[in-house]
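Novice: Have a look at the structure that comes next, please.
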Number of protein chains: 2
Amino acid sequence: MQEKIRIGWIGTGVMGASMAGHLLKGGYPLNVYNRTRHKAQALLDAGAQWLDSPQEVARISDIVFTIVGYPHDVEETILGERGVLSGLGAGGITCDMTTSSPVLAERIAQAAEAKGCAALDAPVTGGDVGARDATLSILVGGDVAAFERVKPCFDLMGRRVTHFGKAGMGQQAKLANQVAVAGLMFSVCESLLYAHEAGLDVRAWRDTVSSGAAGSTALNNLGPRILDGNFAPGFYSAHFLKDLELCVTECRRMNLVLPGLGLAEQLYRLMVANGRGQDGTQALMIALAALSGREWTGVK
Amino acid sequence: MQEKIRIGWIGTGVMGASMAGHLLKGGYPLNVYNRTRHKAQALLDAGAQWLDSPQEVARISDIVFTIVGYPHDVEETILGERGVLSGLGAGGITCDMTTSSPVLAERIAQAAEAKGCAALDAPVTGGDVGARDATLSILVGGDVAAFERVKPCFDLMGRRVTHFGKAGMGQQAKLANQVAVAGLMFSVCESLLYAHEAGLDVRAWRDTVSSGAAGSTALNNLGPRILDGNFAPGFYSAHFLKDLELCVTECRRMNLVLPGLGLAEQLYRLMVANGRGQDGTQALMIALAALSGREWTGVK
């Protein structure tokens, strides 16, 4: 009989808490750490074990998942003095599910290899709803053998799991996704603002065009919220800005000009600079309207 | 028994020829004019009658449809010396299905009213395939009574017919649609280029993300053509540039800042200036890659 794989989980925010919960329900013993302990309480109540640092989690785990905030958090959590790699035994796997830097993912993989461990980068798409319902898409880069070993865990958290190649390629797949989303935000917000300013019945307009060439997931999901003046976060603008900055940084490295992406980064920085970082990404509509001195509060 | 409504049709390009054909098949007598006569031949063979000018068409028609190239063509065809309104009898309807200027549509409506006639602006979405299969969306502005009278004809040409208000509002609805499409072109082209340059398997990437937040009609329809290096026109870049220019002109009038739209206009002008006006809109990919000194020929 196969020995039970021991799982470590670091990062129990909205996404992480749901995802870790699926592993616990799937029967895996779970060792947990989070910077803010009370956010891990539901998992502890459900049987997870609390540890006081990433290092201590790693010492008693075979696979350690991380999903934290920014690349510098990833760096500290995995490569830091009391980080995952300082505690992980030979043969262990560190798997970062944060949307983070492809270059950092490569560095982590090298550091893991030097310790006889393996690393995966495995950011996700699908948001809080996908995390809750285990319908995420998981975009994976890194060692194939490690991927195969972690795959049963991924399958508990997501519906679509794709291995895109060497370390960093999971991050690249996610960043390419965010480049696509950036264009969609222009598509949705600028067309709705145009339609409204032109005096159209914007709801009727959206119903008419959403099944045609102008149609997108974003127009279907975010369009109605924008029309309702609902800017509650499905995904924080501040986090989207972080992702766009990662994309732009990668473009610098690749010497690649993407003017739409560059413009999106500027506008999301404008939003966040104006105190809208905790609004959802659809609040771009407010910033966009404000450029022309309009105030967007939704339509009837 | 109701007297048979006599239809005039001006403009028998790829779109117009298909659309007029549906009216002919629907049993309406058809009077036809086109600047280049041979493009009307299929309709003439099917029973349509040739006339030598828009004026002559209008003299023997109750409803005259126009679908021509640019706003100045619309202006000449309807308001010109031998244009539709110079021949149309009182009670007649001039219905322009070209994507054209909302302001011109208002001028046409005023000129029609002064003659005891009515005018509709009724641009379409759905492209050559929608025209051929009669699955177009038709976006209509203008007099409601005229709309009701023309509606049976619209129903032969399209699947979704929406009246958006007074003269010019059909054009506004179409232009708002093009604003949305402009953002989608950034979304699709920039994300595919990023994914390719990052070294991802771009086909696998597209398959993975197209069902999620990055998904759009454009990624589904144009994405595969871009990956195949197929730049044959579904919709000409030169025509899309014309539409974007109309949007930008309207934004000036409304004093509305849409930075994504503005950038899209510049890039499509760059494309057309570089001889790609007769390529499909997806050829933006070539121009985008060229900005960074890359040559895009598709992927395996």
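Please note that chains go A, B, ... in the order of the structure tokens, that every chain numbers its residues from 1, and that ligands are numbered from 1 in the order shown.
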Wanna dump the range 136-220 of chain A-range 241-259 of chain A contacts at 8 Å for me, each residue with its shortest atom pair and the distance in Å to one decimal, counting only C-alpha atoms, ordered by chain and number, as CSV?

Specialist:
```
residue,atom,partner,partner_atom,distance
A:Leu175,CA,A:Cys247,CA,5.8
A:Ala176,CA,A:Cys247,CA,7.6
A:Gln178,CA,A:Leu244,CA,7.0
A:Val179,CA,A:Cys247,CA,7.2
A:Ala182,CA,A:Leu244,CA,8.0
```

Novice: Mind writing the picked residues with all heavy atoms as a PDB file, in the first residue's frame?

Specialist:
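Contents of part08.pdb, as written:
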```pdb
ATOM      1  N   LEU A 175       0.331  34.602 -17.559  1.00  0.00           N
ATOM      2  CA  LEU A 175       0.534  36.003 -17.949  1.00  0.00           C
ATOM      3  C   LEU A 175      -0.048  36.267 -19.337  1.00  0.00           C
ATOM      4  O   LEU A 175      -0.660  37.313 -19.571  1.00  0.00           O
ATOM      5  CB  LEU A 175       2.022  36.377 -17.883  1.00  0.00           C
ATOM      6  CG  LEU A 175       2.631  36.352 -16.470  1.00  0.00           C
ATOM      7  CD1 LEU A 175       4.076  36.850 -16.489  1.00  0.00           C
ATOM      8  CD2 LEU A 175       1.801  37.167 -15.472  1.00  0.00           C
ATOM      9  N   ALA A 176       0.107  35.322 -20.255  1.00  0.00           N
ATOM     10  CA  ALA A 176      -0.505  35.480 -21.584  1.00  0.00           C
ATOM     11  C   ALA A 176      -2.025  35.599 -21.454  1.00  0.00           C
ATOM     12  O   ALA A 176      -2.679  36.372 -22.164  1.00  0.00           O
ATOM     13  CB  ALA A 176      -0.134  34.300 -22.487  1.00  0.00           C
ATOM     14  N   GLN A 178      -3.543  36.927 -18.913  1.00  0.00           N
ATOM     15  CA  GLN A 178      -3.830  38.276 -18.402  1.00  0.00           C
ATOM     16  C   GLN A 178      -3.677  39.333 -19.507  1.00  0.00           C
ATOM     17  O   GLN A 178      -4.388  40.346 -19.498  1.00  0.00           O
ATOM     18  CB  GLN A 178      -2.938  38.609 -17.202  1.00  0.00           C
ATOM     19  CG  GLN A 178      -3.092  37.648 -16.014  1.00  0.00           C
ATOM     20  CD  GLN A 178      -4.499  37.512 -15.498  1.00  0.00           C
ATOM     21  OE1 GLN A 178      -5.372  36.958 -16.179  1.00  0.00           O
ATOM     22  NE2 GLN A 178      -4.763  38.007 -14.312  1.00  0.00           N
ATOM     23  N   VAL A 179      -2.753  39.115 -20.450  1.00  0.00           N
ATOM     24  CA  VAL A 179      -2.654  40.008 -21.606  1.00  0.00           C
ATOM     25  C   VAL A 179      -3.976  39.995 -22.375  1.00  0.00           C
ATOM     26  O   VAL A 179      -4.492  41.048 -22.776  1.00  0.00           O
ATOM     27  CB  VAL A 179      -1.487  39.600 -22.541  1.00  0.00           C
ATOM     28  CG1 VAL A 179      -1.506  40.418 -23.825  1.00  0.00           C
ATOM     29  CG2 VAL A 179      -0.144  39.767 -21.833  1.00  0.00           C
ATOM     30  N   ALA A 182      -6.601  41.909 -20.417  1.00  0.00           N
ATOM     31  CA  ALA A 182      -6.399  43.362 -20.493  1.00  0.00           C
ATOM     32  C   ALA A 182      -7.125  43.936 -21.719  1.00  0.00           C
ATOM     33  O   ALA A 182      -7.828  44.946 -21.620  1.00  0.00           O
ATOM     34  CB  ALA A 182      -4.899  43.678 -20.560  1.00  0.00           C
TER      35      ALA A 182
END
```

Novice: Report as CSV the residues of chain A within 7 Å of chain B, each with its shortest atom pair and distance in Å (one decimal), using only C-alpha atoms, ordered by chain and increasing residue number.

Specialist:
```
residue,atom,partner,partner_atom,distance
A:Gly126,CA,B:Gly212,CA,6.7
A:Phe164,CA,B:Leu200,CA,6.6
A:Met169,CA,B:Leu200,CA,6.9
A:Gln172,CA,B:Ala198,CA,6.5
A:Ala173,CA,B:Ala195,CA,6.7
A:Ala176,CA,B:Ser191,CA,5.1
A:Asn177,CA,B:Ala214,CA,6.0
A:Val179,CA,B:Ser191,CA,5.2
A:Ala180,CA,B:Ser187,CA,4.1
A:Val181,CA,B:Ala214,CA,5.1
A:Ala182,CA,B:Ser187,CA,6.6
A:Gly183,CA,B:Ser187,CA,3.9
A:Leu184,CA,B:Leu184,CA,5.8
A:Phe186,CA,B:Gly183,CA,5.1
A:Ser187,CA,B:Gly183,CA,3.9
A:Val188,CA,B:Ala180,CA,6.1
A:Glu190,CA,B:Leu258,CA,6.2
A:Ser191,CA,B:Ala180,CA,5.0
A:Tyr194,CA,B:Ala176,CA,5.9
A:Ala195,CA,B:Ala176,CA,5.5
A:Ala198,CA,B:Gln172,CA,6.5
A:Leu200,CA,B:Phe164,CA,6.7
A:Trp205,CA,B:Ala173,CA,6.7
A:Val209,CA,B:Asn177,CA,6.7
A:Gly212,CA,B:Gly126,CA,6.7
A:Ala213,CA,B:Thr217,CA,5.7
A:Ala214,CA,B:Val181,CA,5.1
A:Gly215,CA,B:Thr217,CA,5.5
A:Ser216,CA,B:Ser216,CA,3.9
A:Thr217,CA,B:Gly215,CA,5.5
A:Ala218,CA,B:Ala213,CA,6.4
A:Leu256,CA,B:Ser292,CA,5.5
A:Val257,CA,B:Ser292,CA,5.6
A:Leu258,CA,B:Glu190,CA,6.2
A:Gly260,CA,B:Phe186,CA,6.0
A:Leu291,CA,B:Val257,CA,6.4
A:Ser292,CA,B:Leu256,CA,5.5
```

Novice: Go ahead and dump the residues you just picked, C-alpha atoms, as a PDB file, in the first residue's frame.

Specialist:
```
ATOM      1  CA  GLY A 126     -11.141  30.841 -12.727  1.00  0.00           C
ATOM      2  CA  PHE A 164       3.148  23.774 -20.515  1.00  0.00           C
ATOM      3  CA  MET A 169       6.010  28.147 -18.388  1.00  0.00           C
ATOM      4  CA  GLN A 172       3.995  32.466 -18.827  1.00  0.00           C
ATOM      5  CA  ALA A 173       0.693  30.770 -19.736  1.00  0.00           C
ATOM      6  CA  ALA A 176      -0.505  35.480 -21.584  1.00  0.00           C
ATOM      7  CA  ASN A 177      -4.024  34.933 -20.218  1.00  0.00           C
ATOM      8  CA  VAL A 179      -2.654  40.008 -21.606  1.00  0.00           C
ATOM      9  CA  ALA A 180      -5.835  38.690 -23.237  1.00  0.00           C
ATOM     10  CA  VAL A 181      -7.962  39.874 -20.305  1.00  0.00           C
ATOM     11  CA  ALA A 182      -6.399  43.362 -20.493  1.00  0.00           C
ATOM     12  CA  GLY A 183      -7.675  43.740 -24.078  1.00  0.00           C
ATOM     13  CA  LEU A 184     -11.096  42.482 -23.005  1.00  0.00           C
ATOM     14  CA  PHE A 186     -10.878  47.834 -23.104  1.00  0.00           C
ATOM     15  CA  SER A 187     -13.426  46.016 -25.231  1.00  0.00           C
ATOM     16  CA  VAL A 188     -16.077  45.903 -22.522  1.00  0.00           C
ATOM     17  CA  GLU A 190     -14.992  51.437 -23.793  1.00  0.00           C
ATOM     18  CA  SER A 191     -17.887  49.980 -25.797  1.00  0.00           C
ATOM     19  CA  TYR A 194     -19.498  54.729 -25.938  1.00  0.00           C
ATOM     20  CA  ALA A 195     -22.972  53.176 -26.146  1.00  0.00           C
ATOM     21  CA  ALA A 198     -24.280  57.964 -27.626  1.00  0.00           C
ATOM     22  CA  LEU A 200     -28.344  54.021 -26.638  1.00  0.00           C
ATOM     23  CA  TRP A 205     -27.376  47.011 -26.947  1.00  0.00           C
ATOM     24  CA  VAL A 209     -24.194  42.363 -29.665  1.00  0.00           C
ATOM     25  CA  GLY A 212     -21.848  38.313 -32.212  1.00  0.00           C
ATOM     26  CA  ALA A 213     -18.292  39.355 -33.091  1.00  0.00           C
ATOM     27  CA  ALA A 214     -18.179  41.708 -30.079  1.00  0.00           C
ATOM     28  CA  GLY A 215     -18.967  38.896 -27.648  1.00  0.00           C
ATOM     29  CA  SER A 216     -16.655  37.835 -24.829  1.00  0.00           C
ATOM     30  CA  THR A 217     -16.732  36.160 -21.452  1.00  0.00           C
ATOM     31  CA  ALA A 218     -15.957  39.557 -19.948  1.00  0.00           C
ATOM     32  CA  LEU A 256       8.500  42.796 -27.129  1.00  0.00           C
ATOM     33  CA  VAL A 257       6.239  45.805 -27.843  1.00  0.00           C
ATOM     34  CA  LEU A 258       2.594  45.290 -26.817  1.00  0.00           C
ATOM     35  CA  GLY A 260      -2.459  47.617 -25.680  1.00  0.00           C
ATOM     36  CA  LEU A 291     -10.940  60.677 -18.053  1.00  0.00           C
ATOM     37  CA  SER A 292     -13.671  62.634 -19.857  1.00  0.00           C
TER      38      SER A 292
END
```

Novice: Among the residues of range 187-221 of chain A, find those DSSP assigns to alpha helix (DSSP H) from the backbone and print them as a list of chain:residue names.

Specialist: A:Ser187, A:Val188, A:Cys189, A:Glu190, A:Ser191, A:Leu192, A:Leu193, A:Tyr194, A:Ala195, A:His196, A:Glu197, A:Val202, A:Arg203, A:Ala204, A:Trp205, A:Arg206, A:Asp207, A:Thr208, A:Val209, A:Thr217, A:Ala218, A:Leu219, A:Asn220, A:Asn221

Novice: Keeping only N, CA, C and O atoms, write the selected residues as a short mmCIF file (atom, residue, chain, number, x, y, z; two decimals), in the first residue's frame.

Specialist:
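To be explicit, this is the file written out as result-v3.cif:
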```
data_model
loop_
_atom_site.label_atom_id
_atom_site.label_comp_id
_atom_site.auth_asym_id
_atom_site.auth_seq_id
_atom_site.Cartn_x
_atom_site.Cartn_y
_atom_site.Cartn_z
N SER A 187 -12.27 46.37 -24.40
CA SER A 187 -13.43 46.02 -25.23
C SER A 187 -14.73 46.30 -24.50
O SER A 187 -15.64 46.97 -25.02
N VAL A 188 -14.82 45.81 -23.27
CA VAL A 188 -16.08 45.90 -22.52
C VAL A 188 -16.33 47.34 -22.05
O VAL A 188 -17.41 47.90 -22.29
N CYS A 189 -15.35 47.93 -21.37
CA CYS A 189 -15.59 49.24 -20.75
C CYS A 189 -15.75 50.34 -21.80
O CYS A 189 -16.65 51.18 -21.69
N GLU A 190 -14.90 50.35 -22.80
CA GLU A 190 -14.99 51.44 -23.79
C GLU A 190 -16.26 51.32 -24.63
O GLU A 190 -16.89 52.33 -24.96
N SER A 191 -16.67 50.11 -24.98
CA SER A 191 -17.89 49.98 -25.80
C SER A 191 -19.13 50.35 -24.99
O SER A 191 -20.04 51.00 -25.51
N LEU A 192 -19.18 49.94 -23.73
CA LEU A 192 -20.35 50.29 -22.91
C LEU A 192 -20.40 51.80 -22.67
O LEU A 192 -21.48 52.40 -22.70
N LEU A 193 -19.24 52.42 -22.46
CA LEU A 193 -19.22 53.87 -22.25
C LEU A 193 -19.64 54.60 -23.53
O LEU A 193 -20.44 55.54 -23.49
N TYR A 194 -19.11 54.13 -24.66
CA TYR A 194 -19.50 54.73 -25.94
C TYR A 194 -21.02 54.62 -26.13
O TYR A 194 -21.70 55.60 -26.45
N ALA A 195 -21.53 53.41 -25.94
CA ALA A 195 -22.97 53.18 -26.15
C ALA A 195 -23.81 54.09 -25.25
O ALA A 195 -24.81 54.67 -25.68
N HIS A 196 -23.39 54.21 -24.00
CA HIS A 196 -24.13 55.05 -23.06
C HIS A 196 -24.08 56.52 -23.47
O HIS A 196 -25.12 57.21 -23.50
N GLU A 197 -22.89 57.01 -23.81
CA GLU A 197 -22.74 58.42 -24.17
C GLU A 197 -23.47 58.74 -25.48
O GLU A 197 -23.92 59.87 -25.70
N VAL A 202 -28.37 50.85 -23.25
CA VAL A 202 -27.13 50.06 -23.18
C VAL A 202 -27.43 48.59 -22.88
O VAL A 202 -26.74 47.69 -23.36
N ARG A 203 -28.49 48.33 -22.09
CA ARG A 203 -28.82 46.93 -21.81
C ARG A 203 -29.30 46.21 -23.08
O ARG A 203 -28.88 45.08 -23.37
N ALA A 204 -30.14 46.89 -23.85
CA ALA A 204 -30.61 46.29 -25.11
C ALA A 204 -29.44 46.11 -26.07
O ALA A 204 -29.33 45.10 -26.77
N TRP A 205 -28.55 47.10 -26.07
CA TRP A 205 -27.38 47.01 -26.95
C TRP A 205 -26.52 45.80 -26.58
O TRP A 205 -26.11 45.02 -27.43
N ARG A 206 -26.27 45.63 -25.28
CA ARG A 206 -25.43 44.51 -24.84
C ARG A 206 -26.07 43.17 -25.21
O ARG A 206 -25.41 42.25 -25.69
N ASP A 207 -27.39 43.07 -25.00
CA ASP A 207 -28.09 41.84 -25.35
C ASP A 207 -27.93 41.52 -26.84
O ASP A 207 -27.77 40.37 -27.23
N THR A 208 -27.99 42.57 -27.66
CA THR A 208 -27.94 42.36 -29.11
C THR A 208 -26.56 41.93 -29.58
O THR A 208 -26.43 41.02 -30.39
N VAL A 209 -25.53 42.60 -29.09
CA VAL A 209 -24.19 42.36 -29.67
C VAL A 209 -23.43 41.23 -28.98
O VAL A 209 -22.45 40.73 -29.54
N THR A 217 -16.41 36.56 -22.81
CA THR A 217 -16.73 36.16 -21.45
C THR A 217 -16.85 37.40 -20.56
O THR A 217 -17.75 37.49 -19.73
N ALA A 218 -15.96 38.36 -20.78
CA ALA A 218 -15.96 39.56 -19.95
C ALA A 218 -17.22 40.38 -20.16
O ALA A 218 -17.78 40.93 -19.21
N LEU A 219 -17.70 40.47 -21.41
CA LEU A 219 -18.93 41.23 -21.67
C LEU A 219 -20.12 40.54 -20.98
O LEU A 219 -21.02 41.20 -20.47
N ASN A 220 -20.10 39.21 -20.95
CA ASN A 220 -21.18 38.47 -20.30
C ASN A 220 -21.11 38.56 -18.78
O ASN A 220 -22.14 38.70 -18.13
N ASN A 221 -19.89 38.46 -18.22
CA ASN A 221 -19.77 38.39 -16.76
C ASN A 221 -19.65 39.77 -16.10
O ASN A 221 -20.26 40.01 -15.07
#
```

Novice: Restricting the calculation to only C-alpha atoms, which member of A:Ala238, A:Ala105, A:Ala273, A:Ile63 is positioned closest to Ala146 in chain A?

Specialist: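 Of A:Ala238, A:Ala105, A:Ala273, A:Ile63, the one nearest Ala146 in chain A, counting only C-alpha atoms, is A:Ile63.
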
Novice: Would you pick out the contacts of Ala20 in chain B at 12 Å or less, using only C-alpha atoms, so that residues sharing its chain but fewer than 3 positions from it are not included, and give the list as a PyMOL selection string?

Specialist: chain B and resi 7-17+23-33+40+42-44+46-48+64-67+97+131-132+134+153-154+156-158

Novice: For range 70-81 of chain B, find every residue with an atom within 8 Å (counting only C-alpha atoms), except residues of its own chain fewer than 6 positions away, and show them as a list in words.

Specialist: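 Close residues of range 70-81 of chain B: Pro54, Thr94, Asp96, Thr98, Thr99, Ser100, Ser101, Leu104, Ile108, Ala111 and Lys242 of chain B.
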
Novice: Would you mind exporting N, CA and C atoms of the selected residues as a compact mmCIF listing (two decimals), in the first residue's frame?

Specialist:
```txt
# COMPACT_ATOMS: atom_id res chain seq x y z
N PRO B 54 -29.20 55.54 -58.98
CA PRO B 54 -30.02 55.47 -57.76
C PRO B 54 -31.36 56.18 -57.97
N THR B 94 -36.07 55.41 -47.60
CA THR B 94 -34.67 55.13 -47.95
C THR B 94 -34.00 54.52 -46.73
N ASP B 96 -30.52 52.92 -45.31
CA ASP B 96 -29.08 52.70 -45.54
C ASP B 96 -28.53 51.65 -44.60
N THR B 98 -25.28 50.54 -44.95
CA THR B 98 -23.84 50.75 -44.83
C THR B 98 -23.50 51.11 -43.38
N THR B 99 -22.32 50.69 -42.89
CA THR B 99 -21.82 51.26 -41.64
C THR B 99 -21.28 52.64 -41.96
N SER B 100 -21.94 53.66 -41.40
CA SER B 100 -21.66 55.03 -41.83
C SER B 100 -21.82 55.99 -40.65
N SER B 101 -21.80 57.27 -40.94
CA SER B 101 -21.80 58.29 -39.89
C SER B 101 -23.19 58.52 -39.30
N LEU B 104 -24.50 61.86 -40.50
CA LEU B 104 -25.02 61.78 -41.87
C LEU B 104 -26.41 61.13 -41.88
N ILE B 108 -29.73 62.71 -43.53
CA ILE B 108 -30.54 62.00 -44.51
C ILE B 108 -31.99 61.96 -44.05
N ALA B 111 -33.59 65.31 -44.66
CA ALA B 111 -33.83 65.53 -46.09
C ALA B 111 -35.00 64.68 -46.57
N LYS B 242 -11.96 52.31 -41.50
CA LYS B 242 -13.03 53.30 -41.75
C LYS B 242 -14.00 53.35 -40.57
```

Novice: Write out as a PyMOL selection string each polymer residue whose atoms come within 8 Å of Gly234 in chain B, counting only C-alpha atoms; drop sequence neighbours fewer than 6 positions from it.

Specialist: chain B and resi 127-128+280-281

Novice: Could those selected residues go to a file with N, CA and C atoms, as an mmCIF file, in the first residue's frame?

Specialist:
```cif
data_model
loop_
_atom_site.group_PDB
_atom_site.id
_atom_site.type_symbol
_atom_site.label_atom_id
_atom_site.label_comp_id
_atom_site.auth_asym_id
_atom_site.auth_seq_id
_atom_site.Cartn_x
_atom_site.Cartn_y
_atom_site.Cartn_z
ATOM 1 N N GLY B 127 -21.080 39.837 -40.775
ATOM 2 C CA GLY B 127 -20.131 39.609 -41.864
ATOM 3 C C GLY B 127 -20.703 38.882 -43.068
ATOM 4 N N ASP B 128 -19.800 38.458 -43.956
ATOM 5 C CA ASP B 128 -20.206 37.818 -45.203
ATOM 6 C C ASP B 128 -20.973 36.517 -44.943
ATOM 7 N N GLY B 280 -7.553 40.579 -43.969
ATOM 8 C CA GLY B 280 -8.552 40.557 -42.915
ATOM 9 C C GLY B 280 -8.057 41.275 -41.668
ATOM 10 N N THR B 281 -8.992 41.612 -40.783
ATOM 11 C CA THR B 281 -8.632 42.352 -39.566
ATOM 12 C C THR B 281 -7.601 41.606 -38.715
#
```

Novice: Can you tell me, as a PyMOL selection string, which residues in range 17-199 of chain A count as strand (DSSP E or B) by DSSP?

Specialist: chain A and resi 30-33+49-50+63-66+93-96+118-121+124-125+136-142+158-163

Novice: Just to confirm, what's the straight-line distance from CA of Leu120 in chain A to CA of Ile93 in chain A in Å (one decimal)?

Specialist: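 Computed distance, CA of Leu120 in chain A to CA of Ile93 in chain A, equals 7.5 Å.
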
Novice: For CA of Arg269 in chain A and CA of Gln282 in chain A, determine how far apart the two atoms are, in Å to one decimal place.

Specialist: 14.0 Å
